[in-house]
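Undergrad: Before we start, here is the structure in question, set down as structure tokens.
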Amino acid sequence: MADILTRIGNYATEVHAVADAEVRKLRHDPTELLTRAIQPAIWLVLFGEVMAQVRGLTSGNGRYLDFLAPGILAQSVLFAAIFYGIAVIWERDLGVLHRYMVSPAPRSALVLGKAISSAVRGLSQAIIVYVLALALGIAIDLHVPHLLGVAALIVLGSGLFSTFSLIIACIVRTRERFMGIGQVLTMPIFFASNAIYPIEIMPGWLRAISRANPLTYEVDALRALMLTGEASKFGVGIDCLVLVAISSLLVVIATRMYPRMTT
């Protein structure tokens, strides 16, 4: 038993070391967080206020801005995480990745460490969206258990999409190709979800795609935990189970593909 606990402790230390190295980069250049604050502000203040005049965009009687806020939070997390793979390509070009590969740390610890560091960016986005939402009078639920649940969902979502991004980087292997593919993927993932309109008003084919989209489940759980009086359509437990299952699968795939970046 002691040997198992020691191994778990060592693994956690290795994951933390990778995550800490990534977070330090963010501390040295916090302007990234400031620039990323612009996007949710535009969506909430401009898009939200305009589309709030269109009837039928929400499935209930609540305001559209309330409906939109969790979707914009999920979008911010997605956009921050999906381009995370380009940093891996930079690391390979600078020789940093080779040093990671010769370290005794398991490859899965490297992948998880990068996923956790991406979650730090996602949590910073959450603070920005919460401040904007409160300023706009959105019915935010500030109970501590719900805030912790939102934080856990952001960690899950950030880890999922950053790991997906890492897999893409392992496939395309160049910054130019990655930027093109990243831009192609983000918009369909975002618009083929329930982030800015409910599933009920989608055509049948888009509804099927939405139900296969992990962002849909993240947004669904965020609405239940982030807004006062809202409920999950699939169940928060189901939402989390889907996100954990997809994240686990992506970590396994990324762990196998990550070492190929150095070849």
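Residue numbers start at 1 in each chain; chains themselves are named A, B, ... in the order of the structure tokens; ligands are numbered from 1 in the order shown.
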Looking only at the backbone, which of the residues in range 61-257 of chain A does DSSP tag as alpha helix (DSSP H), as a VMD selection string?
TA: chain A and resid 64 to 82 85 to 94 96 to 101 107 to 135 144 to 172 175 to 191 204 to 211 214 to 226 236 to 257
Undergrad: With C-alpha atoms retained, could you export that selection as a short mmCIF file (atom, residue, chain, number, x, y, z; two decimals), in the first residue's frame?
TA:
data_model
loop_
_atom_site.label_atom_id
_atom_site.label_comp_id
_atom_site.auth_asym_id
_atom_site.auth_seq_id
_atom_site.Cartn_x
_atom_site.Cartn_y
_atom_site.Cartn_z
CA TYR A 64 -31.37 35.67 -23.51
CA LEU A 65 -28.34 37.26 -21.81
CA ASP A 66 -28.76 34.81 -18.93
CA PHE A 67 -29.01 31.94 -21.40
CA LEU A 68 -25.94 33.19 -23.30
CA ALA A 69 -23.50 33.75 -20.42
CA PRO A 70 -22.63 30.06 -19.74
CA GLY A 71 -22.21 29.49 -23.47
CA ILE A 72 -19.78 32.40 -23.74
CA LEU A 73 -17.82 31.08 -20.77
CA ALA A 74 -17.56 27.68 -22.47
CA GLN A 75 -16.60 29.41 -25.73
CA SER A 76 -13.82 31.35 -23.99
CA VAL A 77 -12.46 28.13 -22.52
CA LEU A 78 -12.67 26.41 -25.92
CA PHE A 79 -10.89 29.20 -27.80
CA ALA A 80 -8.12 29.42 -25.19
CA ALA A 81 -7.56 25.65 -25.15
CA ILE A 82 -7.93 24.71 -28.82
CA GLY A 85 -1.15 22.74 -29.36
CA ILE A 86 0.73 25.49 -31.17
CA ALA A 87 2.80 25.99 -28.00
CA VAL A 88 3.85 22.33 -28.24
CA ILE A 89 5.07 22.90 -31.79
CA TRP A 90 7.06 25.92 -30.56
CA GLU A 91 8.55 23.75 -27.80
CA ARG A 92 9.65 21.18 -30.35
CA ASP A 93 11.25 23.82 -32.56
CA LEU A 94 13.07 25.34 -29.57
CA VAL A 96 12.22 22.10 -25.05
CA LEU A 97 10.16 19.07 -26.05
CA HIS A 98 13.30 16.94 -26.41
CA ARG A 99 14.19 17.69 -22.79
CA TYR A 100 10.70 16.62 -21.73
CA MET A 101 11.05 13.36 -23.65
CA ARG A 107 4.28 10.57 -21.00
CA SER A 108 0.78 10.70 -19.52
CA ALA A 109 2.12 12.99 -16.76
CA LEU A 110 3.40 15.38 -19.44
CA VAL A 111 0.00 15.41 -21.17
CA LEU A 112 -1.93 15.87 -17.92
CA GLY A 113 0.44 18.62 -16.78
CA LYS A 114 -0.23 20.59 -19.93
CA ALA A 115 -3.98 20.00 -19.60
CA ILE A 116 -3.92 21.36 -16.03
CA SER A 117 -1.97 24.45 -17.07
CA SER A 118 -4.61 25.06 -19.74
CA ALA A 119 -7.23 24.85 -17.00
CA VAL A 120 -5.54 27.79 -15.23
CA ARG A 121 -6.18 29.90 -18.32
CA GLY A 122 -9.76 28.67 -18.38
CA LEU A 123 -10.32 29.65 -14.76
CA SER A 124 -8.97 33.13 -15.45
CA GLN A 125 -11.50 33.40 -18.28
CA ALA A 126 -14.24 32.41 -15.86
CA ILE A 127 -13.40 35.30 -13.56
CA ILE A 128 -13.67 37.71 -16.48
CA VAL A 129 -17.03 36.31 -17.63
CA TYR A 130 -18.42 36.33 -14.09
CA VAL A 131 -17.47 39.98 -13.62
CA LEU A 132 -19.07 40.92 -16.95
CA ALA A 133 -22.19 38.88 -16.18
CA LEU A 134 -22.67 40.52 -12.79
CA ALA A 135 -22.19 43.96 -14.36
CA VAL A 144 -19.99 28.16 -3.08
CA PRO A 145 -20.89 24.56 -4.13
CA HIS A 146 -22.07 25.85 -7.52
CA LEU A 147 -18.95 28.00 -7.95
CA LEU A 148 -16.79 24.96 -7.20
CA GLY A 149 -18.83 22.92 -9.67
CA VAL A 150 -18.30 25.57 -12.38
CA ALA A 151 -14.56 25.56 -11.64
CA ALA A 152 -14.46 21.76 -11.97
CA LEU A 153 -16.31 21.92 -15.29
CA ILE A 154 -13.87 24.52 -16.60
CA VAL A 155 -10.94 22.30 -15.60
CA LEU A 156 -12.58 19.38 -17.41
CA GLY A 157 -13.41 21.39 -20.52
CA SER A 158 -9.99 23.04 -20.71
CA GLY A 159 -8.24 19.71 -20.27
CA LEU A 160 -10.40 18.06 -22.91
CA PHE A 161 -9.94 20.67 -25.62
CA SER A 162 -6.24 21.31 -24.89
CA THR A 163 -5.56 17.56 -25.15
CA PHE A 164 -7.52 17.49 -28.39
CA SER A 165 -5.37 20.39 -29.55
CA LEU A 166 -2.23 18.47 -28.61
CA ILE A 167 -3.37 15.53 -30.74
CA ILE A 168 -3.91 17.86 -33.71
CA ALA A 169 -0.41 19.30 -33.20
CA CYS A 170 1.04 15.78 -33.24
CA ILE A 171 -0.68 15.14 -36.57
CA VAL A 172 -0.03 18.38 -38.48
CA ARG A 175 2.46 26.00 -36.97
CA GLU A 176 0.97 27.09 -40.29
CA ARG A 177 -1.10 23.93 -40.73
CA PHE A 178 -2.15 23.99 -37.10
CA MET A 179 -3.45 27.56 -37.29
CA GLY A 180 -5.52 26.72 -40.35
CA ILE A 181 -7.00 23.54 -38.89
CA GLY A 182 -7.57 25.17 -35.50
CA GLN A 183 -9.61 27.95 -37.07
CA VAL A 184 -11.59 25.43 -39.13
CA LEU A 185 -12.46 23.35 -36.06
CA THR A 186 -13.34 26.00 -33.48
CA MET A 187 -16.30 27.55 -35.27
CA PRO A 188 -18.11 24.24 -36.03
CA ILE A 189 -17.56 23.03 -32.46
CA PHE A 190 -18.96 26.30 -31.11
CA PHE A 191 -21.92 26.74 -33.46
CA GLY A 204 -32.58 17.39 -36.93
CA TRP A 205 -29.15 16.84 -38.48
CA LEU A 206 -27.58 19.65 -36.41
CA ARG A 207 -29.29 18.36 -33.28
CA ALA A 208 -27.62 14.98 -33.80
CA ILE A 209 -24.21 16.63 -34.21
CA SER A 210 -24.81 18.76 -31.14
CA ARG A 211 -25.51 15.71 -29.01
CA PRO A 214 -18.61 17.63 -25.87
CA LEU A 215 -19.08 21.42 -25.71
CA THR A 216 -22.85 20.84 -25.55
CA TYR A 217 -22.50 18.86 -22.32
CA GLU A 218 -20.15 21.41 -20.80
CA VAL A 219 -22.58 24.26 -21.57
CA ASP A 220 -25.55 22.25 -20.29
CA ALA A 221 -23.87 21.65 -16.91
CA LEU A 222 -22.61 25.24 -16.72
CA ARG A 223 -26.15 26.59 -17.17
CA ALA A 224 -27.41 24.46 -14.31
CA LEU A 225 -24.63 25.52 -11.94
CA MET A 226 -23.94 29.07 -13.09
CA VAL A 236 -25.17 17.36 -14.48
CA GLY A 237 -23.95 13.86 -13.61
CA ILE A 238 -24.38 12.70 -17.23
CA ASP A 239 -22.70 15.87 -18.51
CA CYS A 240 -19.67 15.30 -16.27
CA LEU A 241 -19.53 11.59 -17.12
CA VAL A 242 -19.43 12.37 -20.85
CA LEU A 243 -16.68 14.97 -20.38
CA VAL A 244 -14.59 12.65 -18.19
CA ALA A 245 -14.97 9.76 -20.64
CA ILE A 246 -13.96 11.83 -23.67
CA SER A 247 -11.10 13.48 -21.76
CA SER A 248 -9.76 10.09 -20.65
CA LEU A 249 -9.86 8.75 -24.20
CA LEU A 250 -8.06 11.84 -25.54
CA VAL A 251 -5.37 11.58 -22.84
CA VAL A 252 -4.71 7.96 -23.84
CA ILE A 253 -4.44 8.94 -27.53
CA ALA A 254 -2.25 11.99 -26.81
CA THR A 255 0.05 9.94 -24.56
CA ARG A 256 0.75 7.56 -27.44
CA MET A 257 1.19 10.32 -30.03
#
Undergrad: So what do you get for CA of Gly229 in chain A versus CA of Asp141 in chain A, distance-wise?
TA: 8.4 Å
